[in-house]
file final02.txt (compact mmCIF, C-alpha atoms)
# COMPACT_ATOMS: atom_id res chain seq x y z
CA MET A 1 70.47 105.16 66.66
CA VAL A 2 67.62 107.12 68.23
CA PHE A 3 68.88 106.85 71.82
CA ASN A 4 72.19 108.39 72.74
CA THR A 5 74.59 106.54 74.96
CA GLY A 6 75.46 108.40 78.16
CA SER A 7 78.90 108.31 79.70
CA ALA A 8 77.96 105.78 82.37
CA LEU A 9 76.46 103.39 79.84
CA LEU A 10 79.48 103.81 77.58
CA ASP A 11 81.77 103.02 80.53
CA ALA A 12 79.66 99.95 81.26
CA ILE A 13 79.83 98.72 77.65
CA VAL A 14 83.60 99.21 77.45
CA LEU A 15 84.13 97.47 80.80
CA ALA A 16 81.94 94.58 79.65
CA VAL A 17 83.84 94.24 76.36
CA VAL A 18 87.25 94.31 78.08
CA SER A 19 86.06 91.88 80.77
CA LYS A 20 85.39 89.23 78.11
CA GLU A 21 89.15 88.86 77.72
CA PRO A 22 90.66 87.68 81.02
CA ASP A 23 94.21 88.29 79.75
CA GLY A 24 93.46 91.75 78.44
CA THR A 25 92.72 93.18 75.04
CA TYR A 26 93.89 96.13 72.94
CA GLY A 27 92.43 99.39 71.70
CA TYR A 28 91.63 98.51 68.12
CA LYS A 29 89.91 95.28 69.08
CA ILE A 30 87.91 96.97 71.83
CA THR A 31 86.77 99.64 69.39
CA GLN A 32 85.62 97.09 66.81
CA GLU A 33 83.79 95.05 69.44
CA VAL A 34 82.07 98.07 70.99
CA ARG A 35 81.01 99.15 67.50
CA GLN A 36 79.29 95.80 67.04
CA VAL A 37 77.01 96.71 69.94
CA ILE A 38 76.52 100.46 69.62
CA ASP A 39 77.13 102.95 66.90
CA LEU A 40 79.82 105.40 67.95
CA SER A 41 82.58 107.38 66.38
CA GLU A 42 85.94 105.64 66.61
CA SER A 43 87.61 108.62 68.21
CA THR A 44 85.24 108.51 71.18
CA LEU A 45 86.77 105.39 72.66
CA TYR A 46 90.27 106.54 73.56
CA PRO A 47 89.07 109.11 76.13
CA VAL A 48 86.82 106.47 77.71
CA LEU A 49 89.68 103.97 78.01
CA ARG A 50 91.98 106.65 79.40
CA ARG A 51 89.44 107.72 81.99
CA LEU A 52 88.70 104.16 83.06
CA GLN A 53 92.43 103.66 83.42
CA LYS A 54 92.76 106.79 85.57
CA ASP A 55 89.85 105.64 87.71
CA GLU A 56 91.68 102.35 88.27
CA CYS A 57 88.91 100.34 86.62
CA LEU A 58 91.31 99.29 83.88
CA GLU A 59 95.00 98.54 84.09
CA VAL A 60 97.38 98.68 81.13
CA TYR A 61 100.46 96.72 80.24
CA ASP A 62 102.64 96.57 77.17
CA MET A 63 103.34 93.26 75.50
CA GLU A 64 105.45 92.57 72.46
CA CYS A 65 103.46 91.44 69.46
CA ALA A 66 104.75 91.03 65.88
CA GLY A 67 107.97 92.90 66.62
CA ARG A 68 106.45 95.91 68.37
CA ASN A 69 104.89 96.81 71.69
CA ARG A 70 101.16 96.72 71.94
CA ARG A 71 99.22 98.25 74.81
CA TYR A 72 96.79 95.91 76.52
CA TYR A 73 93.85 96.79 78.74
CA LYS A 74 92.60 94.57 81.55
CA VAL A 75 89.74 94.98 84.05
CA THR A 76 90.89 95.52 87.65
CA SER A 77 89.02 94.28 90.73
CA ARG A 78 87.64 97.77 91.10
CA GLY A 79 86.56 97.64 87.48
CA TRP A 80 84.77 94.38 88.10
CA ALA A 81 82.89 95.89 91.04
CA GLN A 82 81.92 98.85 88.89
CA LEU A 83 80.79 96.54 86.11
CA ARG A 84 78.62 94.53 88.53
CA LEU A 85 77.04 97.77 89.70
CA TYR A 86 76.36 98.85 86.13
CA GLU A 87 74.88 95.46 85.30
CA SER A 88 72.43 95.48 88.19
CA GLU A 89 71.52 99.12 87.57
CA TRP A 90 70.95 98.37 83.90
CA ARG A 91 68.72 95.44 84.77
CA ARG A 92 66.53 97.59 87.00
CA TYR A 93 66.41 100.39 84.47
CA SER A 94 65.69 98.25 81.42
CA ASP A 95 63.17 96.09 83.30
CA LYS A 96 61.09 99.14 84.12
CA ILE A 97 61.21 100.56 80.61
CA THR A 98 60.43 97.18 79.06
CA GLY A 99 57.67 96.65 81.63
CA LEU A 100 56.15 99.96 80.66
CA PHE A 101 56.30 99.18 76.94
CA GLU A 102 54.80 95.74 77.40
CA GLY A 103 52.09 96.97 79.75
CA ARG A 104 53.32 94.99 82.74
CA ILE A 105 53.49 98.08 84.93
CA ASP A 106 50.02 99.22 86.02
CA LEU A 107 50.50 102.96 86.23
CA SER A 108 46.88 103.76 87.10
CA ALA A 109 46.96 101.49 90.17
CA GLU A 110 49.97 103.28 91.60
CA MET A 111 48.44 106.66 90.83
CA ASP A 112 45.18 105.72 92.58
CA ALA A 113 47.04 104.53 95.63
CA GLY A 114 48.83 107.88 95.77
CA LYS A 115 45.56 109.83 95.44
CA LEU A 116 43.84 107.76 98.12
CA ALA A 117 46.67 108.41 100.55
CA LYS A 118 46.35 112.16 99.91
CA ASN A 119 42.56 112.11 100.31
CA ASP A 120 42.88 110.29 103.62
CA ALA A 121 45.20 112.96 104.89
CA VAL A 122 42.74 115.73 103.90
CA GLU A 123 39.78 113.96 105.50
CA GLY A 124 41.73 113.42 108.69
CA LYS A 125 42.29 117.17 108.95
CA THR A 126 38.70 118.25 108.25
CA ASP A 127 36.97 115.60 110.37
CA PRO A 128 37.33 117.25 113.80
CA GLU A 129 35.81 120.46 112.46
CA GLY A 130 32.84 118.57 111.01
CA SER A 131 32.09 116.84 114.30
CA GLY A 132 32.39 120.20 116.05
CA ASP A 133 29.63 121.63 113.83
CA GLN A 134 27.36 118.71 114.59
CA LEU A 135 27.66 119.33 118.31
CA MET B 1 96.15 112.34 53.96
CA ASN B 2 98.02 109.26 55.08
CA ARG B 3 98.81 107.83 58.48
CA VAL B 4 102.00 109.85 58.97
CA ASP B 5 100.21 113.12 58.18
CA PHE B 6 97.42 112.23 60.52
CA MET B 7 99.75 111.48 63.40
CA ARG B 8 101.82 114.61 62.79
CA GLN B 9 98.73 116.82 62.79
CA LEU B 10 97.43 115.15 65.90
CA GLU B 11 100.72 115.67 67.68
CA SER B 12 100.80 119.37 66.86
CA LEU B 13 97.18 119.74 67.99
CA LEU B 14 98.02 118.13 71.33
CA GLN B 15 100.92 120.49 72.10
CA ASN B 16 99.01 122.27 74.83
CA ILE B 17 98.33 119.20 77.00
CA SER B 18 100.74 117.52 79.39
CA PRO B 19 103.54 115.46 77.78
CA THR B 20 102.35 112.27 79.52
CA GLU B 21 98.82 112.63 78.17
CA ARG B 22 100.17 113.45 74.72
CA GLU B 23 102.44 110.40 74.69
CA GLU B 24 99.60 108.17 75.85
CA ALA B 25 97.24 109.39 73.16
CA LEU B 26 99.82 109.20 70.38
CA GLN B 27 100.82 105.70 71.40
CA TYR B 28 97.19 104.64 71.40
CA TYR B 29 96.53 105.90 67.88
CA ASN B 30 99.85 104.54 66.66
CA ASP B 31 98.84 101.12 68.01
CA TYR B 32 95.46 101.63 66.46
CA PHE B 33 96.89 102.07 62.98
CA ASN B 34 99.23 99.11 63.48
CA ASP B 35 96.44 96.83 64.59
CA ALA B 36 94.11 97.94 61.80
CA GLY B 37 96.75 96.97 59.27
CA GLU B 38 98.16 98.83 56.30
CA GLU B 39 95.29 97.86 54.02
CA ASN B 40 92.81 99.56 56.36
CA GLU B 41 94.80 102.78 56.80
CA GLN B 42 92.47 104.97 54.76
CA ALA B 43 89.38 103.39 56.31
CA VAL B 44 90.71 104.15 59.80
CA ILE B 45 91.51 107.76 58.92
CA GLU B 46 88.01 108.18 57.53
CA ALA B 47 86.43 106.54 60.57
CA LEU B 48 88.40 108.65 63.02
CA GLY B 49 87.54 111.82 61.19
CA ASN B 50 89.97 114.68 60.99
CA PRO B 51 92.78 115.01 63.59
CA ALA B 52 91.14 118.13 64.99
CA LYS B 53 88.09 116.11 66.04
CA VAL B 54 90.23 113.41 67.63
CA ALA B 55 92.28 116.01 69.50
CA GLU B 56 89.13 117.78 70.63
CA ASN B 57 87.74 114.54 72.07
CA ILE B 58 90.94 113.93 74.03
CA LYS B 59 91.10 117.46 75.42
CA ARG B 60 87.42 117.64 76.24
CA ASP B 61 87.75 114.61 78.46
CA LEU B 62 90.94 115.89 80.09
CA TYR B 63 89.31 119.14 81.10
CA GLY B 64 86.16 117.44 82.31
CA ALA B 65 83.72 119.06 79.90
CA GLY B 66 82.77 116.03 77.86
CA TYR B 67 82.22 112.43 78.69
CA GLY B 68 82.95 111.91 82.33
CA ASP B 69 84.22 114.47 84.79
CA GLY B 70 87.32 112.65 85.91
CA VAL B 71 85.92 111.24 89.13
CA TYR B 72 83.92 108.09 88.67
CA GLN B 73 80.90 108.90 90.79
CA LYS B 74 80.62 112.29 89.13
CA ALA B 75 80.55 110.70 85.71
CA ALA B 76 77.79 108.38 86.85
CA SER B 77 75.69 111.06 88.52
CA SER B 78 75.85 113.30 85.46
CA ASP B 79 73.98 110.59 83.65
CA ARG B 80 70.27 110.73 84.38
CA ALA B 81 69.57 107.12 83.57
CA VAL B 82 71.82 105.99 86.36
CA VAL B 83 71.10 108.77 88.85
CA GLN B 84 67.43 107.97 89.29
CA TYR B 85 68.09 104.36 90.12
CA GLN B 86 71.33 104.83 91.95
CA GLN B 87 70.17 107.32 94.53
CA PRO B 88 67.59 105.16 96.34
CA ASP B 89 70.09 102.34 96.15
CA LEU B 90 72.73 104.42 97.90
CA ASN B 91 70.25 105.23 100.65
CA ARG B 92 69.18 101.63 101.04
CA ILE B 93 72.63 100.18 101.49
CA PRO B 94 73.59 102.19 104.60
CA GLU B 95 70.28 101.32 106.31
CA THR B 96 70.84 97.61 105.99
CA GLN B 97 74.47 98.04 106.97
CA LYS B 98 73.62 100.04 110.08
CA GLN B 99 71.65 97.25 111.73
CA PRO B 100 74.42 94.66 111.98
CA GLU B 101 76.69 97.45 113.20
CA LYS B 102 74.35 98.29 116.08
CA THR B 103 74.32 94.71 117.33
CA GLY B 104 77.99 94.31 116.50
CA VAL B 105 79.26 97.00 118.84
CA PRO B 106 77.92 95.53 122.12
CA THR B 107 79.36 92.08 121.34
CA TRP B 108 82.72 93.76 120.90
CA ALA B 109 82.24 95.57 124.20
CA ILE B 110 81.25 92.32 125.92
CA VAL B 111 84.29 90.53 124.54
CA LEU B 112 86.53 93.37 125.70
CA LEU B 113 84.91 93.38 129.13
CA VAL B 114 85.42 89.63 129.49
CA ILE B 115 89.07 89.94 128.46
CA ALA B 116 89.57 92.85 130.86
CA ALA B 117 87.88 90.90 133.67
CA VAL B 118 90.13 87.89 133.05
CA LEU B 119 93.26 90.04 132.89
CA PHE B 120 92.48 92.12 135.96
CA SER B 121 90.85 89.35 138.04
CA PRO B 122 93.82 88.99 140.47
CA ALA B 123 93.82 92.72 141.13
CA LEU B 124 90.01 92.85 141.35
CA LEU B 125 89.95 89.90 143.77
CA GLY B 126 92.57 91.61 145.91
CA ILE B 127 90.64 94.86 145.97
CA ALA B 128 87.35 93.09 146.74
CA ALA B 129 88.96 91.05 149.53
CA GLY B 130 90.51 94.23 150.94
CA ILE B 131 87.17 96.05 151.00
CA PHE B 132 85.43 93.01 152.52
CA GLY B 133 88.13 92.66 155.19
CA THR B 134 87.98 96.34 156.09
CA LEU B 135 84.19 96.24 156.41
CA CYS B 136 84.38 93.12 158.61
CA GLY B 137 87.05 94.80 160.73
CA ILE B 138 84.91 97.91 161.24
CA ILE B 139 81.86 95.84 162.21
CA VAL B 140 83.84 93.60 164.57
CA THR B 141 85.56 96.62 166.13
CA TRP B 142 82.19 98.31 166.62
CA PHE B 143 80.69 95.34 168.43
CA ALA B 144 83.88 94.78 170.42
CA LEU B 145 83.70 98.41 171.60
CA ILE B 146 80.06 97.99 172.62
CA PHE B 147 80.96 94.77 174.46
CA SER B 148 83.96 96.30 176.23
CA PHE B 149 82.02 99.42 177.22
CA GLY B 150 79.31 97.15 178.62
CA ILE B 151 81.90 95.17 180.61
CA VAL B 152 83.45 98.39 181.94
CA ALA B 153 80.01 99.65 182.98
CA VAL B 154 79.17 96.36 184.77
CA ALA B 155 82.61 96.31 186.45
CA LEU B 156 82.22 99.89 187.66
CA LEU B 157 78.73 99.19 189.01
CA ILE B 158 80.07 96.10 190.84
CA LEU B 159 82.87 98.27 192.23
CA LEU B 160 80.25 100.78 193.42
CA LEU B 161 78.43 97.97 195.28
CA VAL B 162 81.65 96.59 196.83
CA LEU B 163 82.89 100.04 197.89
CA ALA B 164 79.47 101.02 199.26
CA VAL B 165 79.21 97.76 201.30
CA THR B 166 82.74 98.06 202.71
CA GLY B 167 82.21 101.79 203.41
CA MET B 168 78.99 101.00 205.31
CA MET B 169 80.72 98.21 207.26
CA CYS B 170 83.58 100.40 208.54
CA LEU B 171 81.43 103.53 208.99
CA TRP B 172 81.70 103.34 212.80
CA ALA B 173 85.25 101.93 213.00
CA ASP B 174 86.82 104.56 210.73
CA PRO B 175 84.35 107.18 209.48
CA VAL B 176 86.93 109.07 207.36
CA VAL B 177 88.01 105.96 205.40
CA SER B 178 84.39 104.88 205.13
CA LEU B 179 83.33 108.23 203.66
CA GLY B 180 86.26 108.07 201.23
CA LEU B 181 85.26 104.57 200.14
CA LEU B 182 81.63 105.61 199.72
CA GLY B 183 82.61 108.67 197.70
CA GLY B 184 84.94 106.61 195.47
CA GLY B 185 82.21 104.01 195.04
CA LEU B 186 79.66 106.66 193.98
CA ILE B 187 82.16 108.19 191.51
CA CYS B 188 82.74 104.73 190.08
CA GLY B 189 79.00 104.17 189.91
CA GLY B 190 78.50 107.47 188.08
CA ILE B 191 81.15 106.63 185.52
CA GLY B 192 79.68 103.14 185.24
CA ILE B 193 76.24 104.61 184.52
CA LEU B 194 77.82 106.82 181.86
CA PHE B 195 79.43 103.76 180.26
CA LEU B 196 76.12 101.89 180.49
CA MET B 197 74.37 104.77 178.73
CA LEU B 198 77.07 104.81 176.07
CA THR B 199 76.70 101.05 175.58
CA VAL B 200 72.92 101.32 175.31
CA ALA B 201 73.24 104.22 172.92
CA MET B 202 75.72 102.39 170.69
CA ALA B 203 73.96 99.02 170.76
CA GLY B 204 70.34 100.15 170.87
CA ILE B 205 70.33 103.39 168.83
CA ALA B 206 73.47 103.80 166.68
CA THR B 207 73.66 100.19 165.43
CA PRO B 208 70.02 99.91 164.23
CA ALA B 209 70.36 103.36 162.66
CA ALA B 210 73.54 102.30 160.81
CA VAL B 211 71.89 99.05 159.67
CA LYS B 212 68.85 100.98 158.46
CA GLY B 213 71.09 103.45 156.65
CA ILE B 214 73.03 100.69 154.88
CA CYS B 215 69.77 98.88 153.98
CA SER B 216 68.24 102.01 152.45
CA LEU B 217 71.50 102.62 150.53
CA PHE B 218 71.30 99.14 149.02
CA GLY B 219 67.60 99.66 148.31
CA ARG B 220 68.37 102.82 146.36
CA MET B 221 71.10 101.06 144.42
CA LYS B 222 68.69 98.26 143.51
CA LYS B 223 66.09 100.75 142.31
CA LYS B 224 68.67 102.42 140.07
call {"tool": "encode", "arguments": {"input": "final02.txt", "output": "structure tokens"}}
result
Amino acid sequence: MVFNTGSALLDAIVLAVVSKEPDGTYGYKITQEVRQVIDLSESTLYPVLRRLQKDECLEVYDMECAGRNRRYYKVTSRGWAQLRLYESEWRRYSDKITGLFEGRIDLSAEMDAGKLAKNDAVEGKTDPEGSGDQL
Amino acid sequence: MNRVDFMRQLESLLQNISPTEREEALQYYNDYFNDAGEENEQAVIEALGNPAKVAENIKRDLYGAGYGDGVYQKAASSDRAVVQYQQPDLNRIPETQKQPEKTGVPTWAIVLLVIAAVLFSPALLGIAAGIFGTLCGIIVTWFALIFSFGIVAVALLILLLVLAVTGMMCLWADPVVSLGLLGGGLICGGIGILFLMLTVAMAGIATPAAVKGICSLFGRMKKK
């Protein structure tokens, strides 16, 4: 992929994937699901899960499955709050980029408004001197 | 390389991190192989890359040089995409939160004041009644003094008249007694005049001055 995924976005994607399973999900499954969305090396995911766990966004528990213990990951209330933040931030971010690509954002209008404001300030400063010359 | 080799290499590469972190990581990758299934063992090893790369990823995160810097906010702020949109957001939230706080504090104060007033009302009533009673006492005493001084003055002046009349009447019969009576009467009259002056001073000068003083005091308090 052309765009690289920053740590915050990667956290957001992992949180979103884990949040789809209310009862928790496990490392291999998370990795496969994340890889359906973004292209990343499989060894990248463990550090992300570990960090999210340390930040109390994910909680872990072991459950027996097919005769052995499997570690499950589950989103905490703090993780949910973080995910909501990421979602709203992503919406703002992607809306602006998409708006720019599709020509919905009128850049020239905003630029003109900025220039006008500056010009007004300059005129305001020079005006008293001009009237002084006239007198 | 098979799964056992992979795990053994990974374990030896993770010797220099804390035992807890090592156990966590090894358990994760052990689970990973289990969940992938035996038939996918080689595919997983290929996908993970060599153990050195896996170990490097784990350590890089632990020492805060790679993805994330341990603390959550730090990880977010190191990412430009989030920073630019998060910062105005962070500024906006406190502003909107400040306003309800400003109005919230006085209502708390009012509630506390009401509770305090209810709790202390017996004591406050007592104190207020005490002050009121004392003030009334002072005023009544003041006017009583004026009245009594006036009475004394009138009585002494009457005494002067009586003594003067009797002194005049027995001036020829007993001049010594008469002179004594006249002298006593004049002394009484003098004292009576003094009392009259005191009464006039208290009633006509001191009282209006005190009233004026109290009025101006209240006026100042109202202005404040």
call {"tool": "residues_around", "arguments": {"input": "final02.txt", "residues": "Trp142 (chain B)", "least_positions_apart": "5", "cutoff": "12 Å", "atoms": "all atoms listed in the file", "output": "PyMOL selection string"}}
result
chain B and resi 135-137+147-149+199+202-203+206-207+210
call {"tool": "residues_around", "arguments": {"input": "final02.txt", "residues": "region 52-59 of chain A", "least_positions_apart": "5", "cutoff": "12 Å", "atoms": "all atoms listed in the file", "output": "VMD selection string"}}
result
(chain A and resid 7 to 8 10 to 19 22 to 26 45 to 47 71 to 84) or (chain B and resid 21 24 61 to 62 67 to 75)
call {"tool": "closest_atom_pairs", "arguments": {"input": "final02.txt", "of": "chain A", "to": "chain B", "cutoff": "7 Å", "atoms": "all atoms listed in the file", "output": "Markdown table"}}
result
| residue | atom | partner | partner_atom | distance |
| --- | --- | --- | --- | --- |
| A:Gly6 | CA | B:Asp79 | CA | 6.1 |
| A:Ser7 | CA | B:Tyr67 | CA | 5.4 |
| A:Ala8 | CA | B:Ala76 | CA | 5.2 |
| A:Gly27 | CA | B:Tyr32 | CA | 6.5 |
| A:Tyr28 | CA | B:Tyr32 | CA | 5.2 |
| A:Ser41 | CA | B:Leu48 | CA | 6.8 |
| A:Glu42 | CA | B:Leu48 | CA | 5.3 |
| A:Ser43 | CA | B:Leu48 | CA | 5.2 |
| A:Thr44 | CA | B:Asn57 | CA | 6.6 |
| A:Pro47 | CA | B:Ile58 | CA | 5.6 |
| A:Arg51 | CA | B:Gly70 | CA | 6.6 |
| A:Asp55 | CA | B:Tyr72 | CA | 6.5 |
| A:Arg70 | CA | B:Asp31 | CA | 6.3 |
| A:Glu89 | CA | B:Tyr85 | CA | 6.8 |
call {"tool": "write_last_selection", "arguments": {"input": "final02.txt", "atoms": "C-alpha atoms", "output": "CSV table (one decimal), keeping the file's coordinate frame"}}
result
chain,number,residue,atom,x,y,z
A,6,GLY,CA,75.5,108.4,78.2
A,7,SER,CA,78.9,108.3,79.7
A,8,ALA,CA,78.0,105.8,82.4
A,27,GLY,CA,92.4,99.4,71.7
A,28,TYR,CA,91.6,98.5,68.1
A,41,SER,CA,82.6,107.4,66.4
A,42,GLU,CA,85.9,105.6,66.6
A,43,SER,CA,87.6,108.6,68.2
A,44,THR,CA,85.2,108.5,71.2
A,47,PRO,CA,89.1,109.1,76.1
A,51,ARG,CA,89.4,107.7,82.0
A,55,ASP,CA,89.8,105.6,87.7
A,70,ARG,CA,101.2,96.7,71.9
A,89,GLU,CA,71.5,99.1,87.6
call {"tool": "closest_residue", "arguments": {"input": "final02.txt", "among": "B:Trp108, B:Ile214, B:Gly192, B:Asp5", "to": "Gly150 (chain B)", "atoms": "all atoms listed in the file"}}
result
B:Gly192
call {"tool": "atom_distance", "arguments": {"input": "final02.txt", "atom1": "CA of Phe6 (chain B)", "atom2": "CA of Glu23 (chain B)"}}
result
15.1 Å
call {"tool": "decode", "arguments": {"input": "final02.txt", "residues": "region 24-46 of chain B", "atoms": "N, CA and C atoms", "output": "PDB file, in the first residue's frame"}}
result
ATOM      1  N   GLU B  24       5.233 -13.670  28.165  1.00  0.00           N
ATOM      2  CA  GLU B  24       4.062 -13.172  27.431  1.00  0.00           C
ATOM      3  C   GLU B  24       4.228 -13.391  25.927  1.00  0.00           C
ATOM      4  N   ALA B  25       5.390 -12.970  25.431  1.00  0.00           N
ATOM      5  CA  ALA B  25       5.633 -13.029  23.995  1.00  0.00           C
ATOM      6  C   ALA B  25       5.675 -14.478  23.509  1.00  0.00           C
ATOM      7  N   LEU B  26       6.350 -15.320  24.291  1.00  0.00           N
ATOM      8  CA  LEU B  26       6.469 -16.728  23.879  1.00  0.00           C
ATOM      9  C   LEU B  26       5.099 -17.401  23.904  1.00  0.00           C
ATOM     10  N   GLN B  27       4.305 -17.063  24.911  1.00  0.00           N
ATOM     11  CA  GLN B  27       2.965 -17.662  24.973  1.00  0.00           C
ATOM     12  C   GLN B  27       2.121 -17.229  23.777  1.00  0.00           C
ATOM     13  N   TYR B  28       2.283 -15.952  23.418  1.00  0.00           N
ATOM     14  CA  TYR B  28       1.512 -15.436  22.281  1.00  0.00           C
ATOM     15  C   TYR B  28       1.848 -16.201  21.006  1.00  0.00           C
ATOM     16  N   TYR B  29       3.159 -16.343  20.740  1.00  0.00           N
ATOM     17  CA  TYR B  29       3.537 -17.006  19.487  1.00  0.00           C
ATOM     18  C   TYR B  29       3.266 -18.515  19.528  1.00  0.00           C
ATOM     19  N   ASN B  30       3.320 -19.082  20.731  1.00  0.00           N
ATOM     20  CA  ASN B  30       2.942 -20.486  20.875  1.00  0.00           C
ATOM     21  C   ASN B  30       1.462 -20.666  20.516  1.00  0.00           C
ATOM     22  N   ASP B  31       0.623 -19.800  21.095  1.00  0.00           N
ATOM     23  CA  ASP B  31      -0.806 -19.784  20.765  1.00  0.00           C
ATOM     24  C   ASP B  31      -1.008 -19.604  19.268  1.00  0.00           C
ATOM     25  N   TYR B  32      -0.196 -18.702  18.731  1.00  0.00           N
ATOM     26  CA  TYR B  32      -0.330 -18.350  17.331  1.00  0.00           C
ATOM     27  C   TYR B  32      -0.147 -19.579  16.439  1.00  0.00           C
ATOM     28  N   PHE B  33       0.909 -20.326  16.746  1.00  0.00           N
ATOM     29  CA  PHE B  33       1.147 -21.557  15.970  1.00  0.00           C
ATOM     30  C   PHE B  33       0.009 -22.551  16.172  1.00  0.00           C
ATOM     31  N   ASN B  34      -0.447 -22.693  17.415  1.00  0.00           N
ATOM     32  CA  ASN B  34      -1.538 -23.626  17.703  1.00  0.00           C
ATOM     33  C   ASN B  34      -2.790 -23.282  16.921  1.00  0.00           C
ATOM     34  N   ASP B  35      -3.106 -21.975  16.921  1.00  0.00           N
ATOM     35  CA  ASP B  35      -4.346 -21.559  16.274  1.00  0.00           C
ATOM     36  C   ASP B  35      -4.246 -21.620  14.752  1.00  0.00           C
ATOM     37  N   ALA B  36      -3.027 -21.449  14.241  1.00  0.00           N
ATOM     38  CA  ALA B  36      -2.855 -21.525  12.781  1.00  0.00           C
ATOM     39  C   ALA B  36      -3.022 -22.974  12.299  1.00  0.00           C
ATOM     40  N   GLY B  37      -2.698 -23.890  13.178  1.00  0.00           N
ATOM     41  CA  GLY B  37      -2.826 -25.308  12.805  1.00  0.00           C
ATOM     42  C   GLY B  37      -1.535 -25.847  12.212  1.00  0.00           C
ATOM     43  N   GLU B  38      -1.358 -27.162  12.385  1.00  0.00           N
ATOM     44  CA  GLU B  38      -0.114 -27.785  11.923  1.00  0.00           C
ATOM     45  C   GLU B  38       0.119 -27.596  10.432  1.00  0.00           C
ATOM     46  N   GLU B  39      -0.973 -27.674   9.665  1.00  0.00           N
ATOM     47  CA  GLU B  39      -0.819 -27.597   8.205  1.00  0.00           C
ATOM     48  C   GLU B  39      -0.315 -26.224   7.755  1.00  0.00           C
ATOM     49  N   ASN B  40      -0.509 -25.203   8.600  1.00  0.00           N
ATOM     50  CA  ASN B  40      -0.075 -23.857   8.220  1.00  0.00           C
ATOM     51  C   ASN B  40       1.258 -23.458   8.842  1.00  0.00           C
ATOM     52  N   GLU B  41       1.930 -24.407   9.493  1.00  0.00           N
ATOM     53  CA  GLU B  41       3.144 -24.087  10.247  1.00  0.00           C
ATOM     54  C   GLU B  41       4.176 -23.346   9.403  1.00  0.00           C
ATOM     55  N   GLN B  42       4.460 -23.892   8.228  1.00  0.00           N
ATOM     56  CA  GLN B  42       5.478 -23.265   7.377  1.00  0.00           C
ATOM     57  C   GLN B  42       5.029 -21.890   6.892  1.00  0.00           C
ATOM     58  N   ALA B  43       3.733 -21.796   6.584  1.00  0.00           N
ATOM     59  CA  ALA B  43       3.200 -20.502   6.107  1.00  0.00           C
ATOM     60  C   ALA B  43       3.357 -19.438   7.184  1.00  0.00           C
ATOM     61  N   VAL B  44       3.091 -19.827   8.440  1.00  0.00           N
ATOM     62  CA  VAL B  44       3.206 -18.875   9.550  1.00  0.00           C
ATOM     63  C   VAL B  44       4.655 -18.439   9.720  1.00  0.00           C
ATOM     64  N   ILE B  45       5.568 -19.392   9.678  1.00  0.00           N
ATOM     65  CA  ILE B  45       6.993 -19.067   9.852  1.00  0.00           C
ATOM     66  C   ILE B  45       7.442 -18.112   8.753  1.00  0.00           C
ATOM     67  N   GLU B  46       6.972 -18.368   7.544  1.00  0.00           N
ATOM     68  CA  GLU B  46       7.327 -17.475   6.435  1.00  0.00           C
ATOM     69  C   GLU B  46       6.728 -16.088   6.628  1.00  0.00           C
TER      70      GLU B  46
END
